Amino acid sequence: MTGKLIDGRAVAAAIYKTIKQEMIVLKQNHNIIPTLAVVVAGDDLASHRYVNMIEGKCREIGVSSQIHRLPSSCSQEELIELITSMNQDDQIHGVLLQLPLPALIDEKEVNSQVKAEKDVDGFHATNVGNLFLGDNTIYPCTPKGIMRLIKSTGIEIKGKNAVVIGRSNIVGKPAAIMLLNENATVTICHSRTKNLKEHVIKADILVVAVGKTDLITSDMIKEGAVVIDAGTNIVSGKITGDVEFDKAREIASFITPVPGGVGPMTIAMLIENTVEIAKKKCK
Ligand code: NAP
C-alpha cells in the first residue's frame, strides 16, 4: 500500500476560499472587515517570521491585521495596557499574543489578559474549559487544523483507536481532547511512556507532535493508519517531521508530508477563528 498524501496546502486553500466568501457577506450585510491584532515582543526570530507570515496571509485574504512589534525592553504594564485597549476596541475581533515574551515578563499573567471572546488562539482558560466540556468554543489553531486534515480523508473518527504522541497544551493535549470529543478511543503518549511502539502500533489514527526526527519508524505503524505528523525539525537545513516519512507512507492509508501538511493549516485556522469571531458579532 502507498498511503495517499494529505495535502495541507490544498485543504488550507479550500478553507481560504470559503473564508473569502464569508467575508464578502460580512462586508455587504454588516460592514464588518474581520480584524486580527497581533503582539510580538522581543527578538525571537521564529516568532517574527511567523508573525510576518500571518501578516502576509491576512493581506492576501483581505483580513485586516494590526501588528504591534515591541522591543525586548518593553514592560509588562505596557503589554497589559496594549492588550486591554485591544480588548476594548470593537473593530478588533481576534487578539494574538505571540510567545515567547521577553524573559522578565510573566507570560501567563499577560496571556490571561486577552479577553476569552477575542482569544483567537484558543488558549484562554475559558476556551480550554469549553473544549474540555465538549462545548462549542474557539479551538486552538494547530489541533483544529489537525482535525480538519483527518476529516479531509473521509474516514470515520468514531470508534477508532487514536494515539496522540505529545501532551503540550498547544498541540498534543487539545488534539487528544478533540479526538475524544469525536468519539475516538484515545491514548496519549509522552516522554515517560514505556514501550511507545506497543501503543503506536494500535493506532488507526496517529497524531505525532514531539519535535524529534524519525521518532516514529515504519515498523511502529499499523497497516492502513492515518498518520498526521505535526513535528517540525531542521535537519541539514531541511524541514522534516517526526515520522520516517518514505517508509511510513508504504504502510499508512493517508499521511501528511512535512512541510506541506499540518504547517499551512495553523495560519488558516487562525484566520478562520478571526472570521468566526467577527461572524458571532453579527448574531
Ligand atoms: P513541546 O511543548 O516540546 O512538547 C513535546 C511533547 O513531546 C511533550 O509532551 C513531550 O513529553 C513529548 N516527547 C518528547 N520526547 C518524546 C519521546 N521520546 N517519546 C514520546 N513523547 C515525547 O512541543 P509542541 O509545542 O507540542 O510541538 C511539538 C512539535 O510540533 C514541534 O516539532 C513543533 O515545532 C511542532 N509544531 C508545529 C506546528 C505547526 O503549525 N506545524 C505548531 C506547533 C508545533 P513530556 O510532556 O513528557 O515532556
# chains A, B, ... in the order shown; residues from 1 in each chain; ligands from 1
>>> residues_near_ligand(ligand="ligand 1", cutoff="6 Å", atoms="only C-alpha atoms and all ligand atoms", output="PyMOL selection string")
chain A and resi 142+165-168+170-172+189-192+209-211+230-233+262-263+266
>>> select_by_dssp(residues="stretch 39-283 of chain A", states="strand (DSSP E)", output="VMD selection string")
chain A and resid 39 to 41 64 to 70 94 to 97 161 to 165 185 to 189 205 to 208 226 to 229 233 to 235 238 to 240 254 to 255
>>> closest_residue(among="A:Ile177, A:Ile146, A:Leu99, A:Leu196", to="A:His48", atoms="only C-alpha atoms")
A:Leu99
>>> residues_around(residues="A:Asp44", least_positions_apart="3", cutoff="9 Å", atoms="only C-alpha atoms", output="MDAnalysis selection string")
chainID A and resid 40:41 47:49 99:102
>>> closest_atom_pairs(of="stretch 103-222 of chain A", to="stretch 79-98 of chain A", cutoff="10 Å", atoms="only C-alpha atoms", output="tab-separated table")
residue	atom	partner	partner_atom	distance
A:Ile105	CA	A:Leu79	CA	9.3
A:Glu107	CA	A:Leu97	CA	9.5
A:Glu109	CA	A:Ile80	CA	8.9
A:Val110	CA	A:Ile80	CA	6.1
A:Asn111	CA	A:Leu97	CA	6.7
A:Ser112	CA	A:Ile80	CA	9.6
A:Gln113	CA	A:Ile80	CA	6.8
A:Val114	CA	A:Ile83	CA	6.3
A:Lys115	CA	A:Asn87	CA	6.0
A:Ala116	CA	A:Asn87	CA	9.4
A:Glu117	CA	A:Gly94	CA	8.1
A:Lys118	CA	A:Gly94	CA	4.6
A:Asp119	CA	A:Val95	CA	5.7
A:Val120	CA	A:Gly94	CA	5.1
A:Asp121	CA	A:Leu96	CA	6.5
A:Gly122	CA	A:Leu96	CA	9.6
A:Phe123	CA	A:Leu96	CA	10.0
>>> atom_distance(atom1="atom CA of A:Lys173", atom2="atom CA of A:Leu149")
17.2 Å
>>> closest_residue(among="A:Val38, A:Leu206, A:Cys141, A:Thr193", to="A:Val163", atoms="only C-alpha atoms")
A:Leu206
>>> select_by_dssp(residues="stretch 74-222 of chain A", states="helix (DSSP H, G or I)", output="mmCIF file with N, CA, C and O atoms, in the first residue's frame")
data_model
loop_
_atom_site.group_PDB
_atom_site.id
_atom_site.type_symbol
_atom_site.label_atom_id
_atom_site.label_comp_id
_atom_site.auth_asym_id
_atom_site.auth_seq_id
_atom_site.Cartn_x
_atom_site.Cartn_y
_atom_site.Cartn_z
ATOM 1 N N GLN A 76 5.911 44.832 31.333
ATOM 2 C CA GLN A 76 4.693 44.039 31.481
ATOM 3 C C GLN A 76 3.460 44.955 31.469
ATOM 4 O O GLN A 76 2.446 44.623 30.850
ATOM 5 N N GLU A 77 3.598 46.128 32.128
ATOM 6 C CA GLU A 77 2.482 47.088 32.196
ATOM 7 C C GLU A 77 2.110 47.559 30.787
ATOM 8 O O GLU A 77 0.932 47.659 30.439
ATOM 9 N N GLU A 78 3.153 47.831 29.989
ATOM 10 C CA GLU A 78 2.933 48.285 28.606
ATOM 11 C C GLU A 78 2.141 47.231 27.816
ATOM 12 O O GLU A 78 1.186 47.548 27.100
ATOM 13 N N LEU A 79 2.540 45.982 27.988
ATOM 14 C CA LEU A 79 1.871 44.893 27.255
ATOM 15 C C LEU A 79 0.413 44.761 27.700
ATOM 16 O O LEU A 79 -0.495 44.628 26.872
ATOM 17 N N ILE A 80 0.214 44.828 29.013
ATOM 18 C CA ILE A 80 -1.151 44.673 29.537
ATOM 19 C C ILE A 80 -2.024 45.834 29.074
ATOM 20 O O ILE A 80 -3.182 45.636 28.687
ATOM 21 N N GLU A 81 -1.444 47.028 29.054
ATOM 22 C CA GLU A 81 -2.189 48.211 28.599
ATOM 23 C C GLU A 81 -2.603 48.038 27.127
ATOM 24 O O GLU A 81 -3.745 48.330 26.758
ATOM 25 N N LEU A 82 -1.666 47.548 26.330
ATOM 26 C CA LEU A 82 -1.945 47.351 24.901
ATOM 27 C C LEU A 82 -3.062 46.308 24.721
ATOM 28 O O LEU A 82 -4.012 46.507 23.946
ATOM 29 N N ILE A 83 -2.966 45.211 25.448
ATOM 30 C CA ILE A 83 -3.985 44.154 25.328
ATOM 31 C C ILE A 83 -5.349 44.658 25.803
ATOM 32 O O ILE A 83 -6.379 44.386 25.166
ATOM 33 N N THR A 84 -5.340 45.439 26.883
ATOM 34 C CA THR A 84 -6.598 45.995 27.389
ATOM 35 C C THR A 84 -7.250 46.875 26.326
ATOM 36 O O THR A 84 -8.476 46.796 26.104
ATOM 37 N N SER A 85 -6.432 47.685 25.643
ATOM 38 C CA SER A 85 -7.015 48.564 24.619
ATOM 39 C C SER A 85 -7.560 47.723 23.449
ATOM 40 O O SER A 85 -8.594 48.062 22.877
ATOM 41 N N MET A 86 -6.899 46.637 23.140
ATOM 42 C CA MET A 86 -7.400 45.752 22.070
ATOM 43 C C MET A 86 -8.705 45.066 22.488
ATOM 44 O O MET A 86 -9.620 44.890 21.687
ATOM 45 N N ASN A 87 -8.762 44.671 23.756
ATOM 46 C CA ASN A 87 -9.980 44.039 24.275
ATOM 47 C C ASN A 87 -11.186 44.966 24.141
ATOM 48 O O ASN A 87 -12.303 44.543 23.876
ATOM 49 N N GLN A 88 -10.894 46.280 24.333
ATOM 50 C CA GLN A 88 -11.994 47.264 24.341
ATOM 51 C C GLN A 88 -12.356 47.767 22.949
ATOM 52 O O GLN A 88 -13.403 48.392 22.773
ATOM 53 N N GLU A 107 4.631 35.579 31.448
ATOM 54 C CA GLU A 107 3.904 35.194 30.237
ATOM 55 C C GLU A 107 2.452 34.813 30.537
ATOM 56 O O GLU A 107 1.522 35.241 29.858
ATOM 57 N N LYS A 108 2.305 34.030 31.604
ATOM 58 C CA LYS A 108 0.973 33.519 31.962
ATOM 59 C C LYS A 108 0.045 34.675 32.326
ATOM 60 O O LYS A 108 -1.117 34.720 31.899
ATOM 61 N N GLU A 109 0.597 35.614 33.109
ATOM 62 C CA GLU A 109 -0.188 36.758 33.578
ATOM 63 C C GLU A 109 -0.638 37.611 32.383
ATOM 64 O O GLU A 109 -1.817 37.966 32.267
ATOM 65 N N VAL A 110 0.293 37.900 31.468
ATOM 66 C CA VAL A 110 -0.040 38.771 30.330
ATOM 67 C C VAL A 110 -1.034 38.044 29.416
ATOM 68 O O VAL A 110 -2.035 38.609 28.975
ATOM 69 N N ASN A 111 -0.772 36.769 29.171
ATOM 70 C CA ASN A 111 -1.643 35.996 28.273
ATOM 71 C C ASN A 111 -3.077 35.927 28.815
ATOM 72 O O ASN A 111 -4.040 35.959 28.044
ATOM 73 N N ALA A 116 -11.492 36.318 26.641
ATOM 74 C CA ALA A 116 -11.800 34.978 26.103
ATOM 75 C C ALA A 116 -12.477 35.053 24.734
ATOM 76 O O ALA A 116 -12.182 34.256 23.842
ATOM 77 N N GLU A 117 -13.370 36.042 24.555
ATOM 78 C CA GLU A 117 -14.130 36.160 23.292
ATOM 79 C C GLU A 117 -13.244 36.537 22.116
ATOM 80 O O GLU A 117 -13.627 36.390 20.969
ATOM 81 N N LYS A 118 -12.049 37.090 22.404
ATOM 82 C CA LYS A 118 -11.138 37.514 21.331
ATOM 83 C C LYS A 118 -9.897 36.624 21.260
ATOM 84 O O LYS A 118 -8.984 36.886 20.480
ATOM 85 N N ALA A 125 -8.291 30.166 29.558
ATOM 86 C CA ALA A 125 -8.826 29.088 30.408
ATOM 87 C C ALA A 125 -10.303 28.806 30.105
ATOM 88 O O ALA A 125 -10.742 27.641 30.148
ATOM 89 N N THR A 126 -11.067 29.843 29.774
ATOM 90 C CA THR A 126 -12.490 29.641 29.463
ATOM 91 C C THR A 126 -12.637 28.786 28.204
ATOM 92 O O THR A 126 -13.456 27.857 28.155
ATOM 93 N N ASN A 127 -11.827 29.080 27.200
ATOM 94 C CA ASN A 127 -11.926 28.319 25.946
ATOM 95 C C ASN A 127 -11.397 26.894 26.118
ATOM 96 O O ASN A 127 -11.950 25.945 25.555
ATOM 97 N N VAL A 128 -10.345 26.762 26.917
ATOM 98 C CA VAL A 128 -9.819 25.416 27.204
ATOM 99 C C VAL A 128 -10.884 24.616 27.963
ATOM 100 O O VAL A 128 -11.128 23.442 27.667
ATOM 101 N N GLY A 129 -11.551 25.290 28.920
ATOM 102 C CA GLY A 129 -12.617 24.638 29.699
ATOM 103 C C GLY A 129 -13.761 24.189 28.802
ATOM 104 O O GLY A 129 -14.266 23.064 28.931
ATOM 105 N N ASN A 130 -14.153 25.070 27.870
ATOM 106 C CA ASN A 130 -15.231 24.716 26.936
ATOM 107 C C ASN A 130 -14.851 23.491 26.103
ATOM 108 O O ASN A 130 -15.671 22.603 25.872
ATOM 109 N N LEU A 131 -13.595 23.484 25.661
ATOM 110 C CA LEU A 131 -13.105 22.346 24.858
ATOM 111 C C LEU A 131 -13.209 21.066 25.691
ATOM 112 O O LEU A 131 -13.699 20.036 25.220
ATOM 113 N N PHE A 132 -12.778 21.157 26.939
ATOM 114 C CA PHE A 132 -12.800 20.016 27.851
ATOM 115 C C PHE A 132 -14.238 19.523 28.066
ATOM 116 O O PHE A 132 -14.509 18.321 28.122
ATOM 117 N N LEU A 133 -15.170 20.481 28.151
ATOM 118 C CA LEU A 133 -16.579 20.125 28.388
ATOM 119 C C LEU A 133 -17.274 19.633 27.113
ATOM 120 O O LEU A 133 -18.414 19.184 27.159
ATOM 121 N N CYS A 141 -5.397 26.571 17.230
ATOM 122 C CA CYS A 141 -5.250 26.500 15.768
ATOM 123 C C CYS A 141 -4.612 25.205 15.240
ATOM 124 O O CYS A 141 -5.139 24.608 14.295
ATOM 125 N N THR A 142 -3.488 24.792 15.815
ATOM 126 C CA THR A 142 -2.822 23.610 15.240
ATOM 127 C C THR A 142 -3.672 22.343 15.409
ATOM 128 O O THR A 142 -3.904 21.627 14.422
ATOM 129 N N PRO A 143 -4.188 22.048 16.618
ATOM 130 C CA PRO A 143 -5.050 20.862 16.723
ATOM 131 C C PRO A 143 -6.325 20.959 15.881
ATOM 132 O O PRO A 143 -6.790 19.955 15.335
ATOM 133 N N LYS A 144 -6.859 22.179 15.760
ATOM 134 C CA LYS A 144 -8.057 22.348 14.913
ATOM 135 C C LYS A 144 -7.697 21.979 13.468
ATOM 136 O O LYS A 144 -8.454 21.298 12.770
ATOM 137 N N GLY A 145 -6.515 22.429 13.051
ATOM 138 C CA GLY A 145 -6.037 22.091 11.699
ATOM 139 C C GLY A 145 -5.813 20.591 11.532
ATOM 140 O O GLY A 145 -6.135 20.014 10.495
ATOM 141 N N ILE A 146 -5.293 19.964 12.581
ATOM 142 C CA ILE A 146 -5.063 18.506 12.541
ATOM 143 C C ILE A 146 -6.396 17.778 12.333
ATOM 144 O O ILE A 146 -6.504 16.862 11.515
ATOM 145 N N MET A 147 -7.433 18.213 13.067
ATOM 146 C CA MET A 147 -8.747 17.568 12.928
ATOM 147 C C MET A 147 -9.283 17.737 11.507
ATOM 148 O O MET A 147 -9.874 16.808 10.938
ATOM 149 N N ARG A 148 -9.084 18.918 10.926
ATOM 150 C CA ARG A 148 -9.540 19.152 9.550
ATOM 151 C C ARG A 148 -8.828 18.206 8.571
ATOM 152 O O ARG A 148 -9.435 17.697 7.629
ATOM 153 N N LEU A 149 -7.540 18.012 8.812
ATOM 154 C CA LEU A 149 -6.784 17.128 7.913
ATOM 155 C C LEU A 149 -7.294 15.688 8.034
ATOM 156 O O LEU A 149 -7.465 14.999 7.026
ATOM 157 N N ILE A 150 -7.558 15.264 9.268
ATOM 158 C CA ILE A 150 -8.089 13.899 9.459
ATOM 159 C C ILE A 150 -9.433 13.786 8.735
ATOM 160 O O ILE A 150 -9.686 12.834 7.993
ATOM 161 N N LYS A 151 -10.291 14.794 8.922
ATOM 162 C CA LYS A 151 -11.627 14.752 8.307
ATOM 163 C C LYS A 151 -11.539 14.816 6.789
ATOM 164 O O LYS A 151 -12.402 14.268 6.090
ATOM 165 N N SER A 152 -10.501 15.466 6.274
ATOM 166 C CA SER A 152 -10.368 15.585 4.811
ATOM 167 C C SER A 152 -10.160 14.218 4.146
ATOM 168 O O SER A 152 -10.377 14.068 2.947
ATOM 169 N N GLY A 172 -0.591 18.591 21.561
ATOM 170 C CA GLY A 172 -0.960 17.217 21.919
ATOM 171 C C GLY A 172 -2.234 17.098 22.738
ATOM 172 O O GLY A 172 -3.173 16.375 22.360
ATOM 173 N N LYS A 173 -2.274 17.830 23.860
ATOM 174 C CA LYS A 173 -3.425 17.690 24.765
ATOM 175 C C LYS A 173 -4.741 18.102 24.086
ATOM 176 O O LYS A 173 -5.700 17.328 24.091
ATOM 177 N N PRO A 174 -4.805 19.314 23.480
ATOM 178 C CA PRO A 174 -6.078 19.661 22.822
ATOM 179 C C PRO A 174 -6.427 18.729 21.657
ATOM 180 O O PRO A 174 -7.605 18.441 21.448
ATOM 181 N N ALA A 175 -5.420 18.237 20.935
ATOM 182 C CA ALA A 175 -5.725 17.308 19.824
ATOM 183 C C ALA A 175 -6.377 16.042 20.388
ATOM 184 O O ALA A 175 -7.348 15.510 19.821
ATOM 185 N N ALA A 176 -5.850 15.567 21.529
ATOM 186 C CA ALA A 176 -6.402 14.355 22.147
ATOM 187 C C ALA A 176 -7.853 14.584 22.579
ATOM 188 O O ALA A 176 -8.725 13.734 22.365
ATOM 189 N N ILE A 177 -8.121 15.752 23.184
ATOM 190 C CA ILE A 177 -9.494 16.046 23.643
ATOM 191 C C ILE A 177 -10.435 16.147 22.426
ATOM 192 O O ILE A 177 -11.572 15.656 22.466
ATOM 193 N N MET A 178 -9.955 16.776 21.359
ATOM 194 C CA MET A 178 -10.818 16.907 20.170
ATOM 195 C C MET A 178 -11.154 15.532 19.590
ATOM 196 O O MET A 178 -12.275 15.290 19.168
ATOM 197 N N LEU A 179 -10.172 14.648 19.574
ATOM 198 C CA LEU A 179 -10.433 13.290 19.072
ATOM 199 C C LEU A 179 -11.414 12.559 19.993
ATOM 200 O O LEU A 179 -12.315 11.848 19.524
ATOM 201 N N LEU A 180 -11.249 12.759 21.297
ATOM 202 C CA LEU A 180 -12.161 12.152 22.271
ATOM 203 C C LEU A 180 -13.580 12.695 22.071
ATOM 204 O O LEU A 180 -14.556 11.931 22.091
ATOM 205 N N ASN A 181 -13.676 14.008 21.847
ATOM 206 C CA ASN A 181 -14.992 14.626 21.622
ATOM 207 C C ASN A 181 -15.662 14.095 20.361
ATOM 208 O O ASN A 181 -16.880 14.197 20.208
ATOM 209 N N LEU A 196 6.770 2.678 23.636
ATOM 210 C CA LEU A 196 5.981 3.531 22.746
ATOM 211 C C LEU A 196 5.360 2.718 21.597
ATOM 212 O O LEU A 196 4.188 2.898 21.258
ATOM 213 N N LYS A 197 6.140 1.801 21.055
ATOM 214 C CA LYS A 197 5.671 1.027 19.899
ATOM 215 C C LYS A 197 4.382 0.253 20.208
ATOM 216 O O LYS A 197 3.484 0.169 19.367
ATOM 217 N N GLU A 198 4.305 -0.298 21.428
ATOM 218 C CA GLU A 198 3.112 -1.073 21.835
ATOM 219 C C GLU A 198 1.825 -0.260 21.686
ATOM 220 O O GLU A 198 0.766 -0.796 21.381
ATOM 221 N N HIS A 199 1.938 1.037 21.939
ATOM 222 C CA HIS A 199 0.770 1.916 21.824
ATOM 223 C C HIS A 199 0.556 2.344 20.369
ATOM 224 O O HIS A 199 -0.551 2.277 19.854
ATOM 225 N N VAL A 200 1.649 2.747 19.736
ATOM 226 C CA VAL A 200 1.555 3.329 18.392
ATOM 227 C C VAL A 200 1.012 2.304 17.390
ATOM 228 O O VAL A 200 0.202 2.644 16.524
ATOM 229 N N SER A 218 8.694 3.134 10.572
ATOM 230 C CA SER A 218 7.598 2.480 9.854
ATOM 231 C C SER A 218 7.117 1.198 10.539
ATOM 232 O O SER A 218 5.938 0.857 10.470
ATOM 233 N N ASP A 219 8.013 0.498 11.239
ATOM 234 C CA ASP A 219 7.616 -0.755 11.903
ATOM 235 C C ASP A 219 6.660 -0.512 13.070
ATOM 236 O O ASP A 219 6.069 -1.449 13.605
ATOM 237 N N MET A 220 6.499 0.766 13.474
ATOM 238 C CA MET A 220 5.602 1.078 14.604
ATOM 239 C C MET A 220 4.183 1.350 14.117
ATOM 240 O O MET A 220 3.264 1.493 14.932
#
>>> residues_around(residues="A:Val275", least_positions_apart="4", cutoff="7 Å", atoms="only C-alpha atoms", output="VMD selection string")
chain A and resid 34 271 279
>>> write_last_selection(atoms="C-alpha atoms", output="compact mmCIF listing (two decimals), in the first residue's frame")
# COMPACT_ATOMS: atom_id res chain seq x y z
CA PRO A 34 -12.54 40.82 10.27
CA ILE A 271 -7.66 33.42 10.14
CA LYS A 279 -19.43 36.47 12.47
>>> residues_around(residues="A:Ile205", least_positions_apart="6", cutoff="7 Å", atoms="only C-alpha atoms", output="PyMOL selection string")
chain A and resi 161-163+225-227
>>> write_last_selection(atoms="C-alpha atoms", output="compact mmCIF listing (two decimals), in the first residue's frame")
# COMPACT_ATOMS: atom_id res chain seq x y z
CA ASN A 161 -8.13 3.94 18.14
CA ALA A 162 -6.38 7.30 18.10
CA VAL A 163 -2.91 7.68 19.53
CA ALA A 225 -3.34 4.00 9.67
CA VAL A 226 -3.98 7.70 9.08
CA VAL A 227 -0.76 9.45 10.08
>>> residues_around(residues="A:Ala278", least_positions_apart="2", cutoff="8 Å", atoms="only C-alpha atoms", output="list in words")
Ile32, Ile33, Pro34, Thr35, His93, Thr274, Val275, Glu276, Lys280, Lys281 and Cys282 of chain A
>>> closest_residue(among="A:Thr153, A:Gly224, A:Lys202, A:Gly56", to="A:Ala248", atoms="only C-alpha atoms")
A:Gly224
>>> closest_residue(among="A:Val258, A:Ile251, A:Ile19, A:Ala184", to="A:Asp214", atoms="only C-alpha atoms")
A:Val258
>>> residues_around(residues="A:Val235", least_positions_apart="3", cutoff="12 Å", atoms="only C-alpha atoms", output="mmCIF file with C-alpha atoms, in the first residue's frame")
data_model
loop_
_atom_site.group_PDB
_atom_site.id
_atom_site.type_symbol
_atom_site.label_atom_id
_atom_site.label_comp_id
_atom_site.auth_asym_id
_atom_site.auth_seq_id
_atom_site.Cartn_x
_atom_site.Cartn_y
_atom_site.Cartn_z
ATOM 1 C CA GLY A 211 9.822 17.537 17.633
ATOM 2 C CA LYS A 212 12.194 14.581 17.141
ATOM 3 C CA THR A 213 13.159 13.492 13.649
ATOM 4 C CA ASP A 214 12.268 9.877 12.804
ATOM 5 C CA THR A 232 8.883 20.379 12.665
ATOM 6 C CA LYS A 238 15.816 20.826 5.558
ATOM 7 C CA ILE A 239 12.476 20.705 7.371
ATOM 8 C CA THR A 240 11.446 17.208 8.477
ATOM 9 C CA GLY A 241 8.703 15.781 10.669
ATOM 10 C CA ASP A 242 8.761 13.192 13.463
#
>>> closest_residue(among="A:Ile6, A:Ile61, A:Ile54, A:Met1", to="A:Pro257", atoms="only C-alpha atoms")
A:Ile6
>>> atom_distance(atom1="atom CA of A:Ile216", atom2="atom CA of A:Ile155")
22.0 Å
>>> atom_distance(atom1="atom CA of A:Asp106", atom2="atom CA of A:Ile138")
23.7 Å
